[in-house]
>>> print(open('start_37.txt').read())   # compact mmCIF, C-alpha atoms
# COMPACT_ATOMS: atom_id res chain seq x y z
CA MET U 1 2.17 10.20 -107.72
CA ASP U 2 4.46 12.52 -109.68
CA ASP U 3 2.11 15.45 -109.07
CA LYS U 4 2.21 14.91 -105.30
CA VAL U 5 6.01 14.82 -105.22
CA GLU U 6 6.25 18.04 -107.18
CA THR U 7 3.77 19.73 -104.82
CA LYS U 8 5.83 18.80 -101.74
CA ALA U 9 9.05 20.09 -103.26
CA THR U 10 7.45 23.38 -104.14
CA ASN U 11 6.07 23.90 -100.60
CA SER U 12 9.43 23.18 -98.96
CA SER U 13 11.17 26.00 -100.84
CA ALA U 14 8.41 28.52 -100.05
CA PRO U 15 8.37 30.60 -96.84
CA ALA U 16 6.56 29.37 -93.77
CA ALA U 17 2.80 29.69 -93.72
CA ALA U 18 1.25 32.73 -92.10
CA LYS U 19 -0.21 32.48 -88.63
CA ASN U 20 -3.17 34.54 -87.43
CA GLY U 21 -3.26 36.46 -90.69
CA GLU U 22 0.36 37.77 -90.42
CA ALA U 23 2.65 38.00 -93.42
CA PRO U 24 5.02 35.05 -93.83
CA ARG U 25 8.62 35.49 -92.71
CA ARG U 26 11.72 33.73 -93.90
CA ARG U 27 14.00 32.13 -91.39
CA PHE U 28 17.23 33.44 -92.87
CA GLY U 29 18.20 36.41 -95.01
CA SER U 30 15.34 38.61 -93.77
CA ALA U 31 15.72 42.16 -92.54
CA ASN U 32 14.13 41.11 -89.25
CA ASN U 33 16.96 38.72 -88.40
CA PHE U 34 19.29 39.58 -85.53
CA SER U 35 22.88 39.82 -86.69
CA SER U 36 26.05 41.51 -85.50
CA ASP U 37 25.95 43.91 -88.45
CA ASN U 38 22.82 45.62 -87.11
CA PHE U 39 24.17 46.18 -83.60
CA ASN U 40 27.19 47.80 -82.03
CA GLY U 41 28.77 46.92 -78.70
CA ARG U 42 25.91 48.39 -76.65
CA GLY U 43 22.91 47.36 -78.71
CA GLY U 44 20.69 48.90 -81.35
CA ARG U 45 20.79 52.41 -82.79
CA GLY U 46 24.49 52.26 -83.41
CA ARG U 47 24.90 55.64 -85.08
CA ARG U 48 23.32 57.64 -82.30
CA ASP U 49 25.24 55.82 -79.56
CA ASN U 50 28.51 56.12 -81.44
CA ARG U 51 27.96 59.83 -81.88
CA ARG U 52 27.17 60.18 -78.19
CA ASP U 53 30.23 58.16 -77.17
CA HIS U 54 32.49 60.16 -79.47
CA ARG U 55 31.33 63.45 -78.01
CA GLY U 56 31.66 62.25 -74.45
CA ARG U 57 35.15 60.89 -74.97
CA GLY U 58 36.28 64.12 -76.62
CA ARG U 59 35.14 66.19 -73.67
CA ARG U 60 36.77 63.87 -71.15
CA ASP U 61 40.03 63.92 -73.10
CA ASN U 62 40.02 67.72 -73.21
CA ARG U 63 39.35 67.87 -69.48
CA HIS U 64 42.20 65.42 -68.88
CA ASP U 65 44.56 67.56 -70.99
CA GLU U 66 43.63 70.64 -68.95
CA ASP U 67 44.41 68.83 -65.70
CA LYS U 68 47.72 67.57 -67.08
CA GLN U 69 49.30 71.00 -66.96
CA PHE U 70 48.95 71.05 -63.15
CA ASP U 71 50.97 68.90 -60.79
CA GLU U 72 48.75 67.56 -58.00
CA GLN U 73 50.34 66.40 -54.75
CA THR U 74 48.48 65.01 -51.75
CA ILE U 75 50.12 66.31 -48.60
CA ALA U 76 48.14 64.22 -46.12
CA VAL U 77 44.89 62.31 -45.63
CA GLU U 78 43.66 62.16 -42.05
CA ARG U 79 40.67 60.52 -40.43
CA VAL U 80 38.62 62.89 -38.32
CA SER U 81 35.59 62.22 -36.14
CA ARG U 82 32.69 64.31 -35.00
CA THR U 83 30.48 63.48 -32.04
CA VAL U 84 26.78 63.73 -32.86
CA LYS U 85 23.60 62.60 -31.15
CA GLY U 86 23.76 59.07 -32.55
CA GLY U 87 27.46 58.57 -31.85
CA ARG U 88 30.63 59.42 -33.74
CA ARG U 89 30.68 60.39 -37.40
CA LEU U 90 33.92 59.39 -39.11
CA ARG U 91 35.13 61.37 -42.12
CA PHE U 92 38.38 61.91 -44.03
CA LYS U 93 40.24 65.19 -44.46
CA ALA U 94 42.58 65.68 -47.42
CA ILE U 95 45.21 68.38 -47.94
CA VAL U 96 46.16 68.82 -51.61
CA VAL U 97 48.52 71.24 -53.36
CA MET U 98 48.26 72.00 -57.09
CA GLY U 99 50.81 73.89 -59.19
CA ASP U 100 52.00 74.25 -62.77
CA ARG U 101 55.73 74.18 -61.82
CA LYS U 102 56.08 77.78 -63.00
CA ASN U 103 54.46 80.51 -60.92
CA ARG U 104 50.90 79.36 -60.13
CA LEU U 105 49.98 77.56 -56.94
CA GLY U 106 46.90 76.56 -54.97
CA VAL U 107 46.26 74.63 -51.74
CA GLY U 108 42.95 73.03 -50.83
CA VAL U 109 41.57 71.30 -47.73
CA ALA U 110 38.31 69.34 -47.85
CA LYS U 111 36.43 66.62 -45.95
CA ALA U 112 34.27 63.75 -47.20
CA ARG U 113 33.07 60.30 -46.20
CA ASP U 114 35.42 58.63 -48.69
CA VAL U 115 39.14 59.20 -49.26
CA GLN U 116 38.77 59.61 -53.02
CA GLN U 117 35.92 62.08 -52.63
CA ALA U 118 37.93 64.11 -50.13
CA ILE U 119 40.89 64.30 -52.52
CA GLU U 120 38.67 65.33 -55.43
CA LYS U 121 36.99 68.05 -53.36
CA ALA U 122 40.39 69.30 -52.19
CA ASN U 123 41.59 69.43 -55.80
CA ARG U 124 38.62 71.59 -56.77
CA VAL U 125 39.26 73.91 -53.82
CA ALA U 126 42.96 74.19 -54.71
CA LYS U 127 42.21 74.92 -58.36
CA LYS U 128 39.69 77.58 -57.35
CA ASN U 129 42.14 79.37 -55.00
CA MET U 130 45.19 79.50 -57.26
CA PHE U 131 47.45 82.57 -57.19
CA THR U 132 50.64 83.78 -58.90
CA ILE U 133 54.06 83.75 -57.23
CA PRO U 134 56.76 86.27 -58.24
CA VAL U 135 59.75 84.08 -59.17
CA VAL U 136 63.14 85.65 -59.96
CA ASN U 137 66.03 83.46 -61.18
CA GLU U 138 64.32 80.33 -59.84
CA THR U 139 64.05 81.77 -56.32
CA ILE U 140 61.91 84.25 -54.40
CA PRO U 141 62.65 87.99 -54.67
CA HIS U 142 63.11 88.67 -50.92
CA GLU U 143 62.99 87.15 -47.46
CA VAL U 144 59.65 86.78 -45.70
CA GLU U 145 58.46 85.45 -42.34
CA VAL U 146 54.80 84.77 -41.60
CA LYS U 147 52.86 83.48 -38.60
CA TYR U 148 49.62 81.54 -38.96
CA GLY U 149 48.06 80.30 -35.75
CA ALA U 150 50.80 78.70 -33.66
CA CYS U 151 52.99 78.03 -36.72
CA ARG U 152 55.73 80.31 -38.02
CA VAL U 153 57.32 79.87 -41.48
CA MET U 154 60.35 81.70 -42.86
CA LEU U 155 61.32 81.74 -46.55
CA LYS U 156 64.68 83.03 -47.68
CA PRO U 157 66.13 83.28 -51.23
CA ALA U 158 69.14 81.09 -52.03
CA ALA U 159 71.96 81.15 -54.57
CA PRO U 160 71.76 79.08 -57.77
CA GLY U 161 72.55 75.44 -57.13
CA ALA U 162 71.56 75.48 -53.47
CA GLY U 163 68.33 73.54 -54.06
CA ILE U 164 65.25 73.50 -51.87
CA ILE U 165 66.25 73.28 -48.23
CA ALA U 166 62.94 72.37 -46.62
CA GLY U 167 61.11 69.43 -45.19
CA GLY U 168 57.66 67.97 -44.88
CA THR U 169 54.73 70.10 -45.96
CA VAL U 170 56.78 73.11 -47.04
CA ARG U 171 58.91 71.01 -49.40
CA THR U 172 55.86 69.43 -51.00
CA ILE U 173 54.30 72.84 -51.66
CA ILE U 174 57.48 74.43 -53.01
CA GLY U 175 58.09 71.38 -55.23
CA THR U 176 55.00 72.17 -57.34
CA THR U 177 56.24 75.70 -58.18
CA GLY U 178 59.03 77.06 -60.35
CA ILE U 179 61.25 77.73 -57.33
CA HIS U 180 64.41 75.59 -57.37
CA ASN U 181 66.63 77.42 -54.84
CA LEU U 182 65.18 78.28 -51.44
CA VAL U 183 65.96 78.12 -47.73
CA THR U 184 63.02 77.59 -45.37
CA LYS U 185 62.46 77.18 -41.65
CA SER U 186 59.30 76.10 -39.85
CA LEU U 187 58.87 76.82 -36.15
CA GLY U 188 56.13 76.26 -33.61
CA SER U 189 53.18 74.02 -34.41
CA THR U 190 53.70 71.03 -36.70
CA ASN U 191 50.06 70.82 -37.72
CA LYS U 192 50.11 70.19 -41.48
CA VAL U 193 47.09 72.38 -42.17
CA ASN U 194 48.61 75.34 -40.31
CA VAL U 195 52.00 74.82 -41.97
CA ALA U 196 50.36 74.68 -45.41
CA TYR U 197 48.33 77.83 -44.80
CA ALA U 198 51.37 79.64 -43.35
CA THR U 199 53.43 78.74 -46.43
CA VAL U 200 50.67 79.96 -48.74
CA LYS U 201 50.37 83.19 -46.76
CA ALA U 202 54.14 83.73 -47.01
CA LEU U 203 54.14 83.16 -50.78
CA LYS U 204 51.19 85.51 -51.23
CA SER U 205 52.99 88.27 -49.31
CA LEU U 206 55.94 88.29 -51.75
CA GLN U 207 56.34 91.50 -53.76
CA PRO U 208 57.98 91.65 -57.22
CA ARG U 209 61.13 93.71 -57.58
CA ASP U 210 59.36 96.25 -59.76
CA GLU U 211 57.10 97.18 -56.82
CA TRP U 212 59.84 97.60 -54.23
CA VAL U 213 60.15 101.02 -52.59
CA THR U 214 63.90 101.14 -53.23
CA THR U 215 63.64 100.63 -57.00
CA LYS U 216 63.86 103.61 -59.38
CA PRO U 217 60.37 103.24 -60.92
CA ALA U 218 58.82 103.10 -57.45
CA LYS U 219 60.77 106.17 -56.35
CA ALA U 220 59.71 108.10 -59.45
CA ALA U 221 56.07 107.18 -58.93
CA LYS U 222 56.27 108.22 -55.28
CA ALA U 223 57.85 111.56 -56.17
CA THR U 224 55.12 112.21 -58.74
CA LYS U 225 52.41 111.53 -56.16
CA GLU U 226 54.06 113.88 -53.63
CA ALA U 227 54.37 116.62 -56.27
CA LYS U 228 50.65 116.40 -57.05
>>> encode(input="start_37.txt", output="structure tokens")
Amino acid sequence: MDDKVETKATNSSAPAAAKNGEAPRRRFGSANNFSSDNFNGRGGRGRRDNRRDHRGRGRRDNRHDEDKQFDEQTIAVERVSRTVKGGRRLRFKAIVVMGDRKNRLGVGVAKARDVQQAIEKANRVAKKNMFTIPVVNETIPHEVEVKYGACRVMLKPAAPGAGIIAGGTVRTIIGTTGIHNLVTKSLGSTNKVNVAYATVKALKSLQPRDEWVTTKPAKAAKATKEAK
């Protein structure tokens, strides 16, 4: 009787018997057990996933820091339709202005099936078509008047403290630049796309003071060319 009891006690402490010729496995404390120490939030192979996540986050953060230096303003989002063979195709058109509040500016217009996609496409177009504005004492160097389509926009420099005297689309565009004193006037068509393009055309036509014909360096360069 004593021998039988001892045999049972010994078998209970041993690992489970093998099945189909496989090696016995312990229920607890084995390397094959599933525990939270062997897995991260996504699953197995924690080191590789963590390395991948760390790289991805770093790139996204750097991209976000690059976009932070530009001020993005959505001028308007309009729903447009196009008549096709099957009926009407509805899409969204976004007008976006992007500037660094110093002397760089860009305006983009894009269409997409979704509002968010249209804004993102317009942002890429605006960032691709950025240009530099000559700013002197927080205003423009000279007066300019430009016509685009049926819209006419006039920009005029103002004294310090006057502020930005503009409205609608022109004010939104000028607000993303380093211009703080300006007088504007918009005549003719009130189409926001035409007003935006007319304002961009007017800002692109500005000439710095160093390149004016009446300045001394310009006169000297002109005289040198005539002498040659």
>>> closest_atom_pairs(input="start_37.txt", of="segment 67-126 of chain U", to="segment 189-193 of chain U", cutoff="8 Å", atoms="only C-alpha atoms", output="CSV")
residue,atom,partner,partner_atom,distance
U:Ala76,CA,U:Lys192,CA,7.8
U:Ile95,CA,U:Val193,CA,7.3
U:Val109,CA,U:Val193,CA,7.9
>>> write_last_selection(input="start_37.txt", atoms="C-alpha atoms", output="mmCIF file, keeping the file's coordinate frame")
data_model
loop_
_atom_site.group_PDB
_atom_site.id
_atom_site.type_symbol
_atom_site.label_atom_id
_atom_site.label_comp_id
_atom_site.auth_asym_id
_atom_site.auth_seq_id
_atom_site.Cartn_x
_atom_site.Cartn_y
_atom_site.Cartn_z
ATOM 1 C CA ALA U 76 48.140 64.220 -46.120
ATOM 2 C CA ILE U 95 45.210 68.380 -47.940
ATOM 3 C CA VAL U 109 41.570 71.300 -47.730
#
>>> residues_around(input="start_37.txt", residues="Tyr197 of chain U", least_positions_apart="2", cutoff="12 Å", atoms="all atoms listed in the file", output="PyMOL selection string")
chain U and resi 95-97+106-109+126+146-153+169-170+173+190-195+199-204
>>> closest_residue(input="start_37.txt", among="U:Lys121, U:Arg101, U:Lys127, U:His180", to="Thr139 of chain U", atoms="only C-alpha atoms")
U:His180
>>> residues_around(input="start_37.txt", residues="Lys93 of chain U", least_positions_apart="3", cutoff="9 Å", atoms="all atoms listed in the file", output="JSON list (two decimals) with C-alpha atoms, in the frame of the given file")
[["chain", "number", "residue", "atom", "x", "y", "z"],
["U", 76, "ALA", "CA", 48.14, 64.22, -46.12],
["U", 77, "VAL", "CA", 44.89, 62.31, -45.63],
["U", 78, "GLU", "CA", 43.66, 62.16, -42.05],
["U", 79, "ARG", "CA", 40.67, 60.52, -40.43],
["U", 80, "VAL", "CA", 38.62, 62.89, -38.32],
["U", 109, "VAL", "CA", 41.57, 71.30, -47.73],
["U", 110, "ALA", "CA", 38.31, 69.34, -47.85],
["U", 111, "LYS", "CA", 36.43, 66.62, -45.95],
["U", 112, "ALA", "CA", 34.27, 63.75, -47.20],
["U", 113, "ARG", "CA", 33.07, 60.30, -46.20],
["U", 115, "VAL", "CA", 39.14, 59.20, -49.26],
["U", 118, "ALA", "CA", 37.93, 64.11, -50.13],
["U", 119, "ILE", "CA", 40.89, 64.30, -52.52],
["U", 122, "ALA", "CA", 40.39, 69.30, -52.19]]
>>> residues_near_point(input="start_37.txt", point="(64.4, 78.4, -57.3)", cutoff="10 Å", atoms="only C-alpha atoms", output="ChimeraX atom specification")
/U:135-140,157-164,174-175,177-183
>>> closest_residue(input="start_37.txt", among="U:Arg209, U:Arg88, U:Lys102, U:Arg171", to="Gln73 of chain U", atoms="all atoms listed in the file")
U:Arg171
>>> atom_distance(input="start_37.txt", atom1="atom CA of Ile133 of chain U", atom2="atom CA of Ala198 of chain U")
14.7 Å
>>> closest_residue(input="start_37.txt", among="U:Ala196, U:Pro208, U:Gly188, U:Met154", to="Thr172 of chain U", atoms="only C-alpha atoms")
U:Ala196
>>> atom_distance(input="start_37.txt", atom1="atom CA of Phe70 of chain U", atom2="atom CA of Glu143 of chain U")
26.5 Å
>>> atom_distance(input="start_37.txt", atom1="atom CA of Val144 of chain U", atom2="atom CA of Ser205 of chain U")
7.7 Å
>>> closest_residue(input="start_37.txt", among="U:Lys85, U:Arg104, U:Leu90, U:Thr176", to="Asp71 of chain U", atoms="only C-alpha atoms")
U:Thr176
>>> closest_residue(input="start_37.txt", among="U:Gly99, U:Pro141, U:Met130, U:Gln117", to="Glu211 of chain U", atoms="all atoms listed in the file")
U:Pro141
>>> closest_residue(input="start_37.txt", among="U:Thr74, U:Gln116, U:Pro134, U:Gly87", to="Asn103 of chain U", atoms="all atoms listed in the file")
U:Pro134
>>> build_atoms(input="start_37.txt", residues="segment 165-184 of chain U", atoms="N, CA and C atoms", output="PDB file, in the coordinates of the input")
ATOM      1  N   ILE U 165      65.924  73.732 -49.576  1.00  0.00           N
ATOM      2  CA  ILE U 165      66.250  73.280 -48.230  1.00  0.00           C
ATOM      3  C   ILE U 165      64.989  73.418 -47.391  1.00  0.00           C
ATOM      4  N   ALA U 166      64.218  72.370 -47.343  1.00  0.00           N
ATOM      5  CA  ALA U 166      62.940  72.370 -46.620  1.00  0.00           C
ATOM      6  C   ALA U 166      62.567  70.930 -46.324  1.00  0.00           C
ATOM      7  N   GLY U 167      61.554  70.778 -45.536  1.00  0.00           N
ATOM      8  CA  GLY U 167      61.110  69.430 -45.190  1.00  0.00           C
ATOM      9  C   GLY U 167      59.614  69.382 -44.986  1.00  0.00           C
ATOM     10  N   GLY U 168      59.062  68.182 -45.165  1.00  0.00           N
ATOM     11  CA  GLY U 168      57.660  67.970 -44.880  1.00  0.00           C
ATOM     12  C   GLY U 168      56.732  68.720 -45.808  1.00  0.00           C
ATOM     13  N   THR U 169      55.783  69.417 -45.205  1.00  0.00           N
ATOM     14  CA  THR U 169      54.730  70.100 -45.960  1.00  0.00           C
ATOM     15  C   THR U 169      55.285  71.225 -46.814  1.00  0.00           C
ATOM     16  N   VAL U 170      56.231  71.980 -46.284  1.00  0.00           N
ATOM     17  CA  VAL U 170      56.780  73.110 -47.040  1.00  0.00           C
ATOM     18  C   VAL U 170      57.484  72.621 -48.298  1.00  0.00           C
ATOM     19  N   ARG U 171      58.207  71.535 -48.219  1.00  0.00           N
ATOM     20  CA  ARG U 171      58.910  71.010 -49.400  1.00  0.00           C
ATOM     21  C   ARG U 171      57.931  70.524 -50.456  1.00  0.00           C
ATOM     22  N   THR U 172      56.855  69.896 -50.037  1.00  0.00           N
ATOM     23  CA  THR U 172      55.860  69.430 -51.000  1.00  0.00           C
ATOM     24  C   THR U 172      55.214  70.589 -51.733  1.00  0.00           C
ATOM     25  N   ILE U 173      54.925  71.670 -51.024  1.00  0.00           N
ATOM     26  CA  ILE U 173      54.300  72.840 -51.660  1.00  0.00           C
ATOM     27  C   ILE U 173      55.276  73.528 -52.602  1.00  0.00           C
ATOM     28  N   ILE U 174      56.498  73.747 -52.166  1.00  0.00           N
ATOM     29  CA  ILE U 174      57.480  74.430 -53.010  1.00  0.00           C
ATOM     30  C   ILE U 174      57.830  73.577 -54.228  1.00  0.00           C
ATOM     31  N   GLY U 175      57.735  72.252 -54.110  1.00  0.00           N
ATOM     32  CA  GLY U 175      58.090  71.380 -55.230  1.00  0.00           C
ATOM     33  C   GLY U 175      57.160  71.498 -56.419  1.00  0.00           C
ATOM     34  N   THR U 176      55.940  72.012 -56.228  1.00  0.00           N
ATOM     35  CA  THR U 176      55.000  72.170 -57.340  1.00  0.00           C
ATOM     36  C   THR U 176      55.107  73.543 -58.012  1.00  0.00           C
ATOM     37  N   THR U 177      56.058  74.375 -57.597  1.00  0.00           N
ATOM     38  CA  THR U 177      56.240  75.700 -58.180  1.00  0.00           C
ATOM     39  C   THR U 177      57.494  75.724 -59.037  1.00  0.00           C
ATOM     40  N   GLY U 178      57.815  76.906 -59.548  1.00  0.00           N
ATOM     41  CA  GLY U 178      59.030  77.060 -60.350  1.00  0.00           C
ATOM     42  C   GLY U 178      60.226  77.490 -59.531  1.00  0.00           C
ATOM     43  N   ILE U 179      60.139  77.362 -58.212  1.00  0.00           N
ATOM     44  CA  ILE U 179      61.250  77.730 -57.330  1.00  0.00           C
ATOM     45  C   ILE U 179      62.156  76.517 -57.155  1.00  0.00           C
ATOM     46  N   HIS U 180      63.454  76.688 -57.474  1.00  0.00           N
ATOM     47  CA  HIS U 180      64.410  75.590 -57.370  1.00  0.00           C
ATOM     48  C   HIS U 180      65.504  75.849 -56.333  1.00  0.00           C
ATOM     49  N   ASN U 181      65.613  77.076 -55.830  1.00  0.00           N
ATOM     50  CA  ASN U 181      66.630  77.420 -54.840  1.00  0.00           C
ATOM     51  C   ASN U 181      65.944  78.219 -53.729  1.00  0.00           C
ATOM     52  N   LEU U 182      65.892  77.630 -52.534  1.00  0.00           N
ATOM     53  CA  LEU U 182      65.180  78.280 -51.440  1.00  0.00           C
ATOM     54  C   LEU U 182      65.617  77.683 -50.120  1.00  0.00           C
ATOM     55  N   VAL U 183      65.667  78.535 -49.094  1.00  0.00           N
ATOM     56  CA  VAL U 183      65.960  78.120 -47.730  1.00  0.00           C
ATOM     57  C   VAL U 183      64.732  78.420 -46.888  1.00  0.00           C
ATOM     58  N   THR U 184      64.237  77.417 -46.169  1.00  0.00           N
ATOM     59  CA  THR U 184      63.020  77.590 -45.370  1.00  0.00           C
ATOM     60  C   THR U 184      63.269  77.115 -43.948  1.00  0.00           C
TER      61      THR U 184
END
